[in-house]
>>> print(open('final18.pdb').read())   # PDB, N, CA and C atoms
ATOM      1  N   MET A   1     -21.255 -26.492 -59.767
ATOM      2  CA  MET A   1     -21.354 -25.106 -59.364
ATOM      3  C   MET A   1     -21.616 -25.001 -57.863
ATOM      4  N   PHE A   2     -22.468 -25.908 -57.324
ATOM      5  CA  PHE A   2     -22.753 -25.872 -55.888
ATOM      6  C   PHE A   2     -21.512 -26.212 -55.067
ATOM      7  N   LYS A   3     -20.645 -27.104 -55.647
ATOM      8  CA  LYS A   3     -19.410 -27.434 -54.946
ATOM      9  C   LYS A   3     -18.523 -26.207 -54.833
ATOM     10  N   LYS A   4     -18.434 -25.427 -55.921
ATOM     11  CA  LYS A   4     -17.615 -24.222 -55.911
ATOM     12  C   LYS A   4     -18.166 -23.211 -54.913
ATOM     13  N   LEU A   5     -19.472 -23.042 -54.886
ATOM     14  CA  LEU A   5     -20.087 -22.116 -53.929
ATOM     15  C   LEU A   5     -19.856 -22.592 -52.491
ATOM     16  N   GLY A   6     -19.950 -23.896 -52.300
ATOM     17  CA  GLY A   6     -19.712 -24.460 -50.970
ATOM     18  C   GLY A   6     -18.283 -24.220 -50.507
ATOM     19  N   LEU A   7     -17.335 -24.463 -51.406
ATOM     20  CA  LEU A   7     -15.928 -24.220 -51.073
ATOM     21  C   LEU A   7     -15.659 -22.738 -50.842
ATOM     22  N   LEU A   8     -16.288 -21.897 -51.636
ATOM     23  CA  LEU A   8     -16.149 -20.455 -51.471
ATOM     24  C   LEU A   8     -16.716 -20.016 -50.116
ATOM     25  N   ALA A   9     -17.861 -20.574 -49.747
ATOM     26  CA  ALA A   9     -18.474 -20.247 -48.460
ATOM     27  C   ALA A   9     -17.582 -20.676 -47.303
ATOM     28  N   VAL A  10     -16.983 -21.860 -47.405
ATOM     29  CA  VAL A  10     -16.074 -22.349 -46.363
ATOM     30  C   VAL A  10     -14.855 -21.436 -46.278
ATOM     31  N   ALA A  11     -14.307 -21.043 -47.432
ATOM     32  CA  ALA A  11     -13.131 -20.180 -47.459
ATOM     33  C   ALA A  11     -13.444 -18.822 -46.825
ATOM     34  N   VAL A  12     -14.588 -18.255 -47.147
ATOM     35  CA  VAL A  12     -14.998 -16.966 -46.576
ATOM     36  C   VAL A  12     -15.184 -17.100 -45.066
ATOM     37  N   ALA A  13     -15.794 -18.187 -44.629
ATOM     38  CA  ALA A  13     -16.013 -18.406 -43.201
ATOM     39  C   ALA A  13     -14.680 -18.510 -42.466
ATOM     40  N   LEU A  14     -13.732 -19.239 -43.029
ATOM     41  CA  LEU A  14     -12.413 -19.378 -42.401
ATOM     42  C   LEU A  14     -11.689 -18.036 -42.333
ATOM     43  N   LEU A  15     -11.714 -17.308 -43.426
ATOM     44  CA  LEU A  15     -11.058 -15.999 -43.441
ATOM     45  C   LEU A  15     -11.715 -15.042 -42.449
ATOM     46  N   SER A  16     -13.016 -15.113 -42.338
ATOM     47  CA  SER A  16     -13.727 -14.267 -41.373
ATOM     48  C   SER A  16     -13.328 -14.617 -39.946
ATOM     49  N   ALA A  17     -13.255 -15.913 -39.667
ATOM     50  CA  ALA A  17     -12.878 -16.359 -38.325
ATOM     51  C   ALA A  17     -11.455 -15.911 -37.987
ATOM     52  N   VAL A  18     -10.553 -16.038 -38.957
ATOM     53  CA  VAL A  18      -9.173 -15.602 -38.736
ATOM     54  C   VAL A  18      -9.134 -14.093 -38.527
ATOM     55  N   GLY A  19      -9.891 -13.355 -39.308
ATOM     56  CA  GLY A  19      -9.938 -11.897 -39.173
ATOM     57  C   GLY A  19     -10.467 -11.472 -37.818
ATOM     58  N   VAL A  20     -11.505 -12.124 -37.336
ATOM     59  CA  VAL A  20     -12.070 -11.810 -36.013
ATOM     60  C   VAL A  20     -11.057 -12.126 -34.926
ATOM     61  N   ALA A  21     -10.409 -13.257 -35.029
ATOM     62  CA  ALA A  21      -9.408 -13.642 -34.027
ATOM     63  C   ALA A  21      -8.262 -12.633 -34.000
ATOM     64  N   MET A  22      -7.822 -12.196 -35.173
ATOM     65  CA  MET A  22      -6.739 -11.211 -35.224
ATOM     66  C   MET A  22      -7.195  -9.877 -34.645
ATOM     67  N   ALA A  23      -8.416  -9.483 -34.926
ATOM     68  CA  ALA A  23      -8.944  -8.224 -34.396
ATOM     69  C   ALA A  23      -9.044  -8.280 -32.882
ATOM     70  N   GLN A  24      -9.464  -9.426 -32.334
ATOM     71  CA  GLN A  24      -9.556  -9.568 -30.886
ATOM     72  C   GLN A  24      -8.176  -9.507 -30.258
ATOM     73  N   GLU A  25      -7.198 -10.134 -30.845
ATOM     74  CA  GLU A  25      -5.826 -10.109 -30.318
ATOM     75  C   GLU A  25      -5.284  -8.688 -30.358
ATOM     76  N   GLU A  26      -5.552  -7.982 -31.449
ATOM     77  CA  GLU A  26      -5.108  -6.599 -31.565
ATOM     78  C   GLU A  26      -5.752  -5.749 -30.484
ATOM     79  N   ALA A  27      -7.033  -5.966 -30.224
ATOM     80  CA  ALA A  27      -7.731  -5.216 -29.190
ATOM     81  C   ALA A  27      -7.111  -5.484 -27.823
ATOM     82  N   LYS A  28      -6.720  -6.724 -27.556
ATOM     83  CA  LYS A  28      -6.084  -7.045 -26.275
ATOM     84  C   LYS A  28      -4.769  -6.294 -26.131
ATOM     85  N   THR A  29      -3.997  -6.236 -27.205
ATOM     86  CA  THR A  29      -2.712  -5.546 -27.173
ATOM     87  C   THR A  29      -2.914  -4.065 -26.914
ATOM     88  N   VAL A  30      -3.870  -3.471 -27.600
ATOM     89  CA  VAL A  30      -4.159  -2.050 -27.406
ATOM     90  C   VAL A  30      -4.633  -1.804 -25.986
ATOM     91  N   THR A  31      -5.504  -2.659 -25.489
ATOM     92  CA  THR A  31      -6.002  -2.502 -24.126
ATOM     93  C   THR A  31      -4.863  -2.643 -23.130
ATOM     94  N   ALA A  32      -4.006  -3.627 -23.330
ATOM     95  CA  ALA A  32      -2.875  -3.809 -22.418
ATOM     96  C   ALA A  32      -1.966  -2.589 -22.476
ATOM     97  N   GLY A  33      -1.731  -2.055 -23.663
ATOM     98  CA  GLY A  33      -0.896  -0.858 -23.794
ATOM     99  C   GLY A  33      -1.498   0.331 -23.085
ATOM    100  N   ALA A  34      -2.825   0.471 -23.144
ATOM    101  CA  ALA A  34      -3.492   1.581 -22.483
ATOM    102  C   ALA A  34      -3.352   1.461 -20.972
ATOM    103  N   VAL A  35      -3.428   0.248 -20.451
ATOM    104  CA  VAL A  35      -3.291   0.039 -19.008
ATOM    105  C   VAL A  35      -1.889   0.413 -18.566
ATOM    106  N   VAL A  36      -0.890   0.003 -19.331
ATOM    107  CA  VAL A  36       0.492   0.325 -18.985
ATOM    108  C   VAL A  36       0.693   1.831 -18.995
ATOM    109  N   GLU A  37       0.188   2.499 -20.026
ATOM    110  CA  GLU A  37       0.344   3.943 -20.111
ATOM    111  C   GLU A  37      -0.345   4.641 -18.945
ATOM    112  N   ALA A  38      -1.444   4.106 -18.481
ATOM    113  CA  ALA A  38      -2.187   4.732 -17.395
ATOM    114  C   ALA A  38      -1.470   4.582 -16.055
ATOM    115  N   THR A  39      -0.646   3.549 -15.889
ATOM    116  CA  THR A  39       0.001   3.324 -14.606
ATOM    117  C   THR A  39       1.384   3.959 -14.506
ATOM    118  N   VAL A  40       1.979   4.362 -15.609
ATOM    119  CA  VAL A  40       3.291   4.976 -15.584
ATOM    120  C   VAL A  40       3.117   6.485 -15.626
ATOM    121  N   PRO A  41       3.568   7.185 -14.597
ATOM    122  CA  PRO A  41       3.394   8.636 -14.613
ATOM    123  C   PRO A  41       4.220   9.284 -15.717
ATOM    124  N   ALA A  42       3.648  10.288 -16.368
ATOM    125  CA  ALA A  42       4.339  10.981 -17.445
ATOM    126  C   ALA A  42       5.476  11.827 -16.877
ATOM    127  N   VAL A  43       5.280  12.329 -15.670
ATOM    128  CA  VAL A  43       6.277  13.171 -15.018
ATOM    129  C   VAL A  43       6.574  12.569 -13.655
ATOM    130  N   ALA A  44       7.843  12.567 -13.283
ATOM    131  CA  ALA A  44       8.217  12.039 -11.972
ATOM    132  C   ALA A  44       7.580  12.888 -10.875
ATOM    133  N   VAL A  45       7.153  12.247  -9.808
ATOM    134  CA  VAL A  45       6.454  12.904  -8.707
ATOM    135  C   VAL A  45       7.409  13.064  -7.525
ATOM    136  N   ASN A  46       7.466  14.277  -6.976
ATOM    137  CA  ASN A  46       8.304  14.517  -5.807
ATOM    138  C   ASN A  46       7.599  13.937  -4.595
ATOM    139  N   VAL A  47       8.284  13.079  -3.864
ATOM    140  CA  VAL A  47       7.678  12.417  -2.709
ATOM    141  C   VAL A  47       7.526  13.360  -1.520
ATOM    142  N   GLY A  48       8.286  14.459  -1.492
ATOM    143  CA  GLY A  48       8.127  15.462  -0.442
ATOM    144  C   GLY A  48       8.871  15.155   0.845
ATOM    145  N   ASN A  49       9.885  14.296   0.785
ATOM    146  CA  ASN A  49      10.633  13.996   2.009
ATOM    147  C   ASN A  49      11.388  15.227   2.497
ATOM    148  N   LYS A  50      11.397  15.407   3.827
ATOM    149  CA  LYS A  50      12.043  16.570   4.437
ATOM    150  C   LYS A  50      13.338  16.201   5.141
ATOM    151  N   ILE A  51      13.644  14.916   5.191
ATOM    152  CA  ILE A  51      14.875  14.415   5.788
ATOM    153  C   ILE A  51      15.667  13.718   4.684
ATOM    154  N   CYS A  52      16.940  14.022   4.577
ATOM    155  CA  CYS A  52      17.780  13.398   3.559
ATOM    156  C   CYS A  52      17.942  11.917   3.886
ATOM    157  N   PRO A  53      17.578  11.032   2.963
ATOM    158  CA  PRO A  53      17.689   9.595   3.250
ATOM    159  C   PRO A  53      19.138   9.116   3.347
ATOM    160  N   VAL A  54      20.063   9.872   2.787
ATOM    161  CA  VAL A  54      21.467   9.467   2.803
ATOM    162  C   VAL A  54      22.137   9.884   4.113
ATOM    163  N   SER A  55      21.957  11.159   4.499
ATOM    164  CA  SER A  55      22.659  11.667   5.682
ATOM    165  C   SER A  55      21.797  11.716   6.937
ATOM    166  N   GLY A  56      20.480  11.729   6.763
ATOM    167  CA  GLY A  56      19.590  11.841   7.917
ATOM    168  C   GLY A  56      19.394  13.273   8.396
ATOM    169  N   VAL A  57      19.931  14.232   7.653
ATOM    170  CA  VAL A  57      19.862  15.642   8.003
ATOM    171  C   VAL A  57      18.577  16.259   7.450
ATOM    172  N   LYS A  58      18.023  17.234   8.206
ATOM    173  CA  LYS A  58      16.837  17.949   7.721
ATOM    174  C   LYS A  58      17.220  18.753   6.474
ATOM    175  N   ILE A  59      16.372  18.708   5.458
ATOM    176  CA  ILE A  59      16.633  19.392   4.194
ATOM    177  C   ILE A  59      16.141  20.829   4.314
ATOM    178  N   GLU A  60      17.030  21.770   4.063
ATOM    179  CA  GLU A  60      16.707  23.194   4.197
ATOM    180  C   GLU A  60      15.814  23.689   3.050
ATOM    181  N   LYS A  61      16.177  23.363   1.818
ATOM    182  CA  LYS A  61      15.417  23.827   0.651
ATOM    183  C   LYS A  61      14.970  22.617  -0.162
ATOM    184  N   LEU A  62      13.690  22.278  -0.032
ATOM    185  CA  LEU A  62      13.147  21.136  -0.780
ATOM    186  C   LEU A  62      13.213  21.413  -2.280
ATOM    187  N   GLY A  63      13.584  20.396  -3.039
ATOM    188  CA  GLY A  63      13.614  20.499  -4.494
ATOM    189  C   GLY A  63      14.913  21.039  -5.052
ATOM    190  N   GLU A  64      15.819  21.504  -4.187
ATOM    191  CA  GLU A  64      17.083  22.057  -4.674
ATOM    192  C   GLU A  64      18.045  20.958  -5.117
ATOM    193  N   ASN A  65      18.180  19.914  -4.307
ATOM    194  CA  ASN A  65      19.027  18.763  -4.620
ATOM    195  C   ASN A  65      18.130  17.525  -4.640
ATOM    196  N   THR A  66      18.025  16.905  -5.801
ATOM    197  CA  THR A  66      17.108  15.769  -5.934
ATOM    198  C   THR A  66      17.747  14.652  -6.731
ATOM    199  N   VAL A  67      17.113  13.488  -6.630
ATOM    200  CA  VAL A  67      17.486  12.343  -7.449
ATOM    201  C   VAL A  67      16.179  11.659  -7.852
ATOM    202  N   GLU A  68      16.102  11.228  -9.107
ATOM    203  CA  GLU A  68      14.902  10.559  -9.605
ATOM    204  C   GLU A  68      15.144   9.059  -9.648
ATOM    205  N   TYR A  69      14.162   8.303  -9.144
ATOM    206  CA  TYR A  69      14.249   6.848  -9.146
ATOM    207  C   TYR A  69      12.858   6.265  -9.260
ATOM    208  N   GLN A  70      12.636   5.454 -10.273
ATOM    209  CA  GLN A  70      11.376   4.752 -10.526
ATOM    210  C   GLN A  70      10.168   5.688 -10.492
ATOM    211  N   GLY A  71      10.280   6.801 -11.192
ATOM    212  CA  GLY A  71       9.155   7.725 -11.327
ATOM    213  C   GLY A  71       8.915   8.611 -10.118
ATOM    214  N   LYS A  72       9.830   8.599  -9.177
ATOM    215  CA  LYS A  72       9.695   9.442  -7.985
ATOM    216  C   LYS A  72      10.949  10.285  -7.829
ATOM    217  N   VAL A  73      10.756  11.499  -7.319
ATOM    218  CA  VAL A  73      11.869  12.410  -7.065
ATOM    219  C   VAL A  73      12.069  12.484  -5.561
ATOM    220  N   TYR A  74      13.282  12.190  -5.137
ATOM    221  CA  TYR A  74      13.636  12.210  -3.716
ATOM    222  C   TYR A  74      14.494  13.440  -3.437
ATOM    223  N   ASN A  75      14.199  14.143  -2.351
ATOM    224  CA  ASN A  75      14.962  15.313  -1.944
ATOM    225  C   ASN A  75      16.199  14.881  -1.170
ATOM    226  N   LEU A  76      17.305  15.579  -1.431
ATOM    227  CA  LEU A  76      18.564  15.314  -0.743
ATOM    228  C   LEU A  76      19.051  16.619  -0.121
ATOM    229  N   CYS A  77      19.945  16.501   0.859
ATOM    230  CA  CYS A  77      20.440  17.710   1.514
ATOM    231  C   CYS A  77      21.547  18.396   0.714
ATOM    232  N   ASP A  78      22.263  17.639  -0.111
ATOM    233  CA  ASP A  78      23.313  18.237  -0.941
ATOM    234  C   ASP A  78      23.533  17.376  -2.185
ATOM    235  N   PRO A  79      24.180  17.940  -3.199
ATOM    236  CA  PRO A  79      24.368  17.203  -4.457
ATOM    237  C   PRO A  79      25.214  15.941  -4.309
ATOM    238  N   ALA A  80      26.094  15.894  -3.324
ATOM    239  CA  ALA A  80      26.962  14.727  -3.147
ATOM    240  C   ALA A  80      26.167  13.475  -2.779
ATOM    241  N   GLY A  81      24.993  13.638  -2.204
ATOM    242  CA  GLY A  81      24.180  12.497  -1.804
ATOM    243  C   GLY A  81      23.628  11.694  -2.963
ATOM    244  N   LYS A  82      23.587  12.297  -4.143
ATOM    245  CA  LYS A  82      23.002  11.619  -5.304
ATOM    246  C   LYS A  82      23.769  10.337  -5.650
ATOM    247  N   ASP A  83      25.080  10.409  -5.690
ATOM    248  CA  ASP A  83      25.887   9.224  -6.019
ATOM    249  C   ASP A  83      25.674   8.124  -4.988
ATOM    250  N   GLU A  84      25.633   8.500  -3.723
ATOM    251  CA  GLU A  84      25.421   7.509  -2.661
ATOM    252  C   GLU A  84      24.032   6.888  -2.782
ATOM    253  N   PHE A  85      23.021   7.709  -3.039
ATOM    254  CA  PHE A  85      21.649   7.220  -3.204
ATOM    255  C   PHE A  85      21.593   6.189  -4.325
ATOM    256  N   LEU A  86      22.231   6.487  -5.445
ATOM    257  CA  LEU A  86      22.165   5.613  -6.620
ATOM    258  C   LEU A  86      22.948   4.313  -6.444
ATOM    259  N   LYS A  87      23.823   4.238  -5.450
ATOM    260  CA  LYS A  87      24.526   2.986  -5.170
ATOM    261  C   LYS A  87      23.565   1.922  -4.649
ATOM    262  N   ASP A  88      22.559   2.362  -3.877
ATOM    263  CA  ASP A  88      21.569   1.430  -3.310
ATOM    264  C   ASP A  88      20.223   2.149  -3.190
ATOM    265  N   PRO A  89      19.595   2.455  -4.325
ATOM    266  CA  PRO A  89      18.378   3.268  -4.310
ATOM    267  C   PRO A  89      17.215   2.644  -3.539
ATOM    268  N   ASP A  90      17.093   1.326  -3.559
ATOM    269  CA  ASP A  90      15.995   0.690  -2.821
ATOM    270  C   ASP A  90      16.123   0.932  -1.320
ATOM    271  N   LYS A  91      17.330   0.882  -0.818
ATOM    272  CA  LYS A  91      17.587   1.123   0.609
ATOM    273  C   LYS A  91      17.132   2.534   0.995
ATOM    274  N   TYR A  92      17.536   3.525   0.200
ATOM    275  CA  TYR A  92      17.211   4.912   0.532
ATOM    276  C   TYR A  92      15.746   5.244   0.258
ATOM    277  N   ALA A  93      15.163   4.640  -0.762
ATOM    278  CA  ALA A  93      13.728   4.835  -1.030
ATOM    279  C   ALA A  93      12.906   4.280   0.131
ATOM    280  N   ALA A  94      13.356   3.163   0.701
ATOM    281  CA  ALA A  94      12.662   2.579   1.855
ATOM    282  C   ALA A  94      12.751   3.505   3.066
ATOM    283  N   LYS A  95      13.906   4.158   3.248
ATOM    284  CA  LYS A  95      14.050   5.114   4.347
ATOM    285  C   LYS A  95      13.062   6.265   4.188
ATOM    286  N   VAL A  96      12.910   6.746   2.963
ATOM    287  CA  VAL A  96      11.968   7.839   2.703
ATOM    288  C   VAL A  96      10.539   7.368   2.968
ATOM    289  N   ALA A  97      10.209   6.169   2.523
ATOM    290  CA  ALA A  97       8.860   5.631   2.758
ATOM    291  C   ALA A  97       8.579   5.546   4.254
ATOM    292  N   GLU A  98       9.580   5.138   5.015
ATOM    293  CA  GLU A  98       9.426   5.051   6.471
ATOM    294  C   GLU A  98       9.204   6.445   7.073
ATOM    295  N   GLU A  99       9.983   7.421   6.606
ATOM    296  CA  GLU A  99       9.822   8.801   7.076
ATOM    297  C   GLU A  99       8.420   9.313   6.765
ATOM    298  N   MET A 100       7.966   9.076   5.553
ATOM    299  CA  MET A 100       6.659   9.582   5.131
ATOM    300  C   MET A 100       5.539   8.907   5.921
ATOM    301  N   ALA A 101       5.693   7.640   6.244
ATOM    302  CA  ALA A 101       4.679   6.929   7.032
ATOM    303  C   ALA A 101       4.606   7.516   8.437
ATOM    304  N   LYS A 102       5.756   7.795   9.048
ATOM    305  CA  LYS A 102       5.779   8.407  10.383
ATOM    306  C   LYS A 102       5.132   9.781  10.351
ATOM    307  N   GLU A 103       5.390  10.527   9.288
ATOM    308  CA  GLU A 103       4.841  11.875   9.145
ATOM    309  C   GLU A 103       3.313  11.836   9.046
ATOM    310  N   GLN A 104       2.771  10.820   8.415
ATOM    311  CA  GLN A 104       1.319  10.697   8.276
ATOM    312  C   GLN A 104       0.681  10.269   9.592
ATOM    313  N   VAL A 105       1.377   9.486  10.388
ATOM    314  CA  VAL A 105       0.848   9.026  11.673
ATOM    315  C   VAL A 105       0.864  10.165  12.681
ATOM    316  N   ALA A 106       1.900  10.989  12.688
ATOM    317  CA  ALA A 106       2.046  12.072  13.666
ATOM    318  C   ALA A 106       0.862  13.039  13.651
ATOM    319  N   PRO A 107       0.421  13.566  12.499
ATOM    320  CA  PRO A 107      -0.735  14.473  12.529
ATOM    321  C   PRO A 107      -2.002  13.788  13.043
ATOM    322  N   ALA A 108      -2.181  12.526  12.744
ATOM    323  CA  ALA A 108      -3.365  11.810  13.207
ATOM    324  C   ALA A 108      -3.359  11.699  14.737
ATOM    325  N   VAL A 109      -2.200  11.479  15.314
ATOM    326  CA  VAL A 109      -2.087  11.393  16.773
ATOM    327  C   VAL A 109      -2.357  12.747  17.392
ATOM    328  N   GLN A 110      -1.850  13.825  16.812
ATOM    329  CA  GLN A 110      -2.065  15.168  17.335
ATOM    330  C   GLN A 110      -3.540  15.554  17.288
ATOM    331  N   MET A 111      -4.251  15.146  16.254
ATOM    332  CA  MET A 111      -5.676  15.483  16.122
ATOM    333  C   MET A 111      -6.503  14.767  17.179
ATOM    334  N   GLN A 112      -6.089  13.581  17.620
ATOM    335  CA  GLN A 112      -6.839  12.833  18.608
ATOM    336  C   GLN A 112      -6.686  13.418  19.997
ATOM    337  N   GLN A 113      -5.614  14.153  20.256
ATOM    338  CA  GLN A 113      -5.355  14.697  21.591
ATOM    339  C   GLN A 113      -6.167  15.905  21.895
TER     340      GLN A 113
END
>>> encode(input="final18.pdb", output="C-alpha cells")
Amino acid sequence: MFKKLGLLAVAVALLSAVGVAMAQEEAKTVTAGAVVEATVPAVAVNVGNKICPVSGVKIEKLGENTVEYQGKVYNLCDPAGKDEFLKDPDKYAAKVAEEMAKEQVAPAVQMQQ
C-alpha cells in the first residue's frame, strides 16, 4: 500500500510540475502578446508633414491626399504621389523624417535669439 501511495505521490508531483511549467509558458505568451499590442498603434498617426516628400512642394491642405505606411500617415500634395511613394516608401518616409527634424530645430533656434 505504501508503494502505491509513493507512486501516486510521485505522479501527482510530476503532473503538478508539468502544470506549473505550462502555466508559466502561457503567462509568457500572454505577456509577450500584451507588449506587442501596446507597441502597435490601433490607428495610424498622421506625421504632420507640410512638404510633399515626392514632389518637394508645400502641401496646401493637410490630410486631403495621404498615404499610410507602417502605422503612419504621410501627407502628399496630390493623389498621383501615392503610387510614387509606394514604389520606395522608406526613401520618402526618410525625407519626411528629415523635414520634421528640421522643423523641430527651427523653433528652438528662434527661441534662443
>>> atom_distance(input="final18.pdb", atom1="atom C of Lys58 of chain A", atom2="atom CA of Ala42 of chain A")
28.3 Å
>>> atom_distance(input="final18.pdb", atom1="atom C of Ile51 of chain A", atom2="atom C of Val73 of chain A")
10.9 Å
>>> closest_residue(input="final18.pdb", among="A:Asn65, A:Asn49, A:Gln70, A:Asp78", to="Ala97 of chain A", atoms="only N, CA and C atoms")
A:Asn49
>>> closest_residue(input="final18.pdb", among="A:Glu103, A:Gly71, A:Asp88, A:Val96", to="Ala44 of chain A", atoms="all atoms listed in the file")
A:Gly71
>>> atom_distance(input="final18.pdb", atom1="atom CA of Leu86 of chain A", atom2="atom CA of Ala101 of chain A")
22.2 Å
>>> closest_residue(input="final18.pdb", among="A:Val47, A:Ile59, A:Ala93, A:Glu98", to="Cys77 of chain A", atoms="all atoms listed in the file")
A:Ile59
>>> residues_near_point(input="final18.pdb", point="(17.4, 9.8, 1.9)", cutoff="8 Å", atoms="only N, CA and C atoms", output="ChimeraX atom specification")
/A:49,51-57,74-77,85,91-96
>>> write_last_selection(input="final18.pdb", atoms="N, CA and C atoms", output="PDB file, in the coordinates of the input")
ATOM      1  N   ASN A  49       9.885  14.296   0.785  1.00  0.00           N
ATOM      2  CA  ASN A  49      10.633  13.996   2.009  1.00  0.00           C
ATOM      3  C   ASN A  49      11.388  15.227   2.497  1.00  0.00           C
ATOM      4  N   ILE A  51      13.644  14.916   5.191  1.00  0.00           N
ATOM      5  CA  ILE A  51      14.875  14.415   5.788  1.00  0.00           C
ATOM      6  C   ILE A  51      15.667  13.718   4.684  1.00  0.00           C
ATOM      7  N   CYS A  52      16.940  14.022   4.577  1.00  0.00           N
ATOM      8  CA  CYS A  52      17.780  13.398   3.559  1.00  0.00           C
ATOM      9  C   CYS A  52      17.942  11.917   3.886  1.00  0.00           C
ATOM     10  N   PRO A  53      17.578  11.032   2.963  1.00  0.00           N
ATOM     11  CA  PRO A  53      17.689   9.595   3.250  1.00  0.00           C
ATOM     12  C   PRO A  53      19.138   9.116   3.347  1.00  0.00           C
ATOM     13  N   VAL A  54      20.063   9.872   2.787  1.00  0.00           N
ATOM     14  CA  VAL A  54      21.467   9.467   2.803  1.00  0.00           C
ATOM     15  C   VAL A  54      22.137   9.884   4.113  1.00  0.00           C
ATOM     16  N   SER A  55      21.957  11.159   4.499  1.00  0.00           N
ATOM     17  CA  SER A  55      22.659  11.667   5.682  1.00  0.00           C
ATOM     18  C   SER A  55      21.797  11.716   6.937  1.00  0.00           C
ATOM     19  N   GLY A  56      20.480  11.729   6.763  1.00  0.00           N
ATOM     20  CA  GLY A  56      19.590  11.841   7.917  1.00  0.00           C
ATOM     21  C   GLY A  56      19.394  13.273   8.396  1.00  0.00           C
ATOM     22  N   VAL A  57      19.931  14.232   7.653  1.00  0.00           N
ATOM     23  CA  VAL A  57      19.862  15.642   8.003  1.00  0.00           C
ATOM     24  C   VAL A  57      18.577  16.259   7.450  1.00  0.00           C
ATOM     25  N   TYR A  74      13.282  12.190  -5.137  1.00  0.00           N
ATOM     26  CA  TYR A  74      13.636  12.210  -3.716  1.00  0.00           C
ATOM     27  C   TYR A  74      14.494  13.440  -3.437  1.00  0.00           C
ATOM     28  N   ASN A  75      14.199  14.143  -2.351  1.00  0.00           N
ATOM     29  CA  ASN A  75      14.962  15.313  -1.944  1.00  0.00           C
ATOM     30  C   ASN A  75      16.199  14.881  -1.170  1.00  0.00           C
ATOM     31  N   LEU A  76      17.305  15.579  -1.431  1.00  0.00           N
ATOM     32  CA  LEU A  76      18.564  15.314  -0.743  1.00  0.00           C
ATOM     33  C   LEU A  76      19.051  16.619  -0.121  1.00  0.00           C
ATOM     34  N   CYS A  77      19.945  16.501   0.859  1.00  0.00           N
ATOM     35  CA  CYS A  77      20.440  17.710   1.514  1.00  0.00           C
ATOM     36  C   CYS A  77      21.547  18.396   0.714  1.00  0.00           C
ATOM     37  N   PHE A  85      23.021   7.709  -3.039  1.00  0.00           N
ATOM     38  CA  PHE A  85      21.649   7.220  -3.204  1.00  0.00           C
ATOM     39  C   PHE A  85      21.593   6.189  -4.325  1.00  0.00           C
ATOM     40  N   LYS A  91      17.330   0.882  -0.818  1.00  0.00           N
ATOM     41  CA  LYS A  91      17.587   1.123   0.609  1.00  0.00           C
ATOM     42  C   LYS A  91      17.132   2.534   0.995  1.00  0.00           C
ATOM     43  N   TYR A  92      17.536   3.525   0.200  1.00  0.00           N
ATOM     44  CA  TYR A  92      17.211   4.912   0.532  1.00  0.00           C
ATOM     45  C   TYR A  92      15.746   5.244   0.258  1.00  0.00           C
ATOM     46  N   ALA A  93      15.163   4.640  -0.762  1.00  0.00           N
ATOM     47  CA  ALA A  93      13.728   4.835  -1.030  1.00  0.00           C
ATOM     48  C   ALA A  93      12.906   4.280   0.131  1.00  0.00           C
ATOM     49  N   ALA A  94      13.356   3.163   0.701  1.00  0.00           N
ATOM     50  CA  ALA A  94      12.662   2.579   1.855  1.00  0.00           C
ATOM     51  C   ALA A  94      12.751   3.505   3.066  1.00  0.00           C
ATOM     52  N   LYS A  95      13.906   4.158   3.248  1.00  0.00           N
ATOM     53  CA  LYS A  95      14.050   5.114   4.347  1.00  0.00           C
ATOM     54  C   LYS A  95      13.062   6.265   4.188  1.00  0.00           C
ATOM     55  N   VAL A  96      12.910   6.746   2.963  1.00  0.00           N
ATOM     56  CA  VAL A  96      11.968   7.839   2.703  1.00  0.00           C
ATOM     57  C   VAL A  96      10.539   7.368   2.968  1.00  0.00           C
TER      58      VAL A  96
END
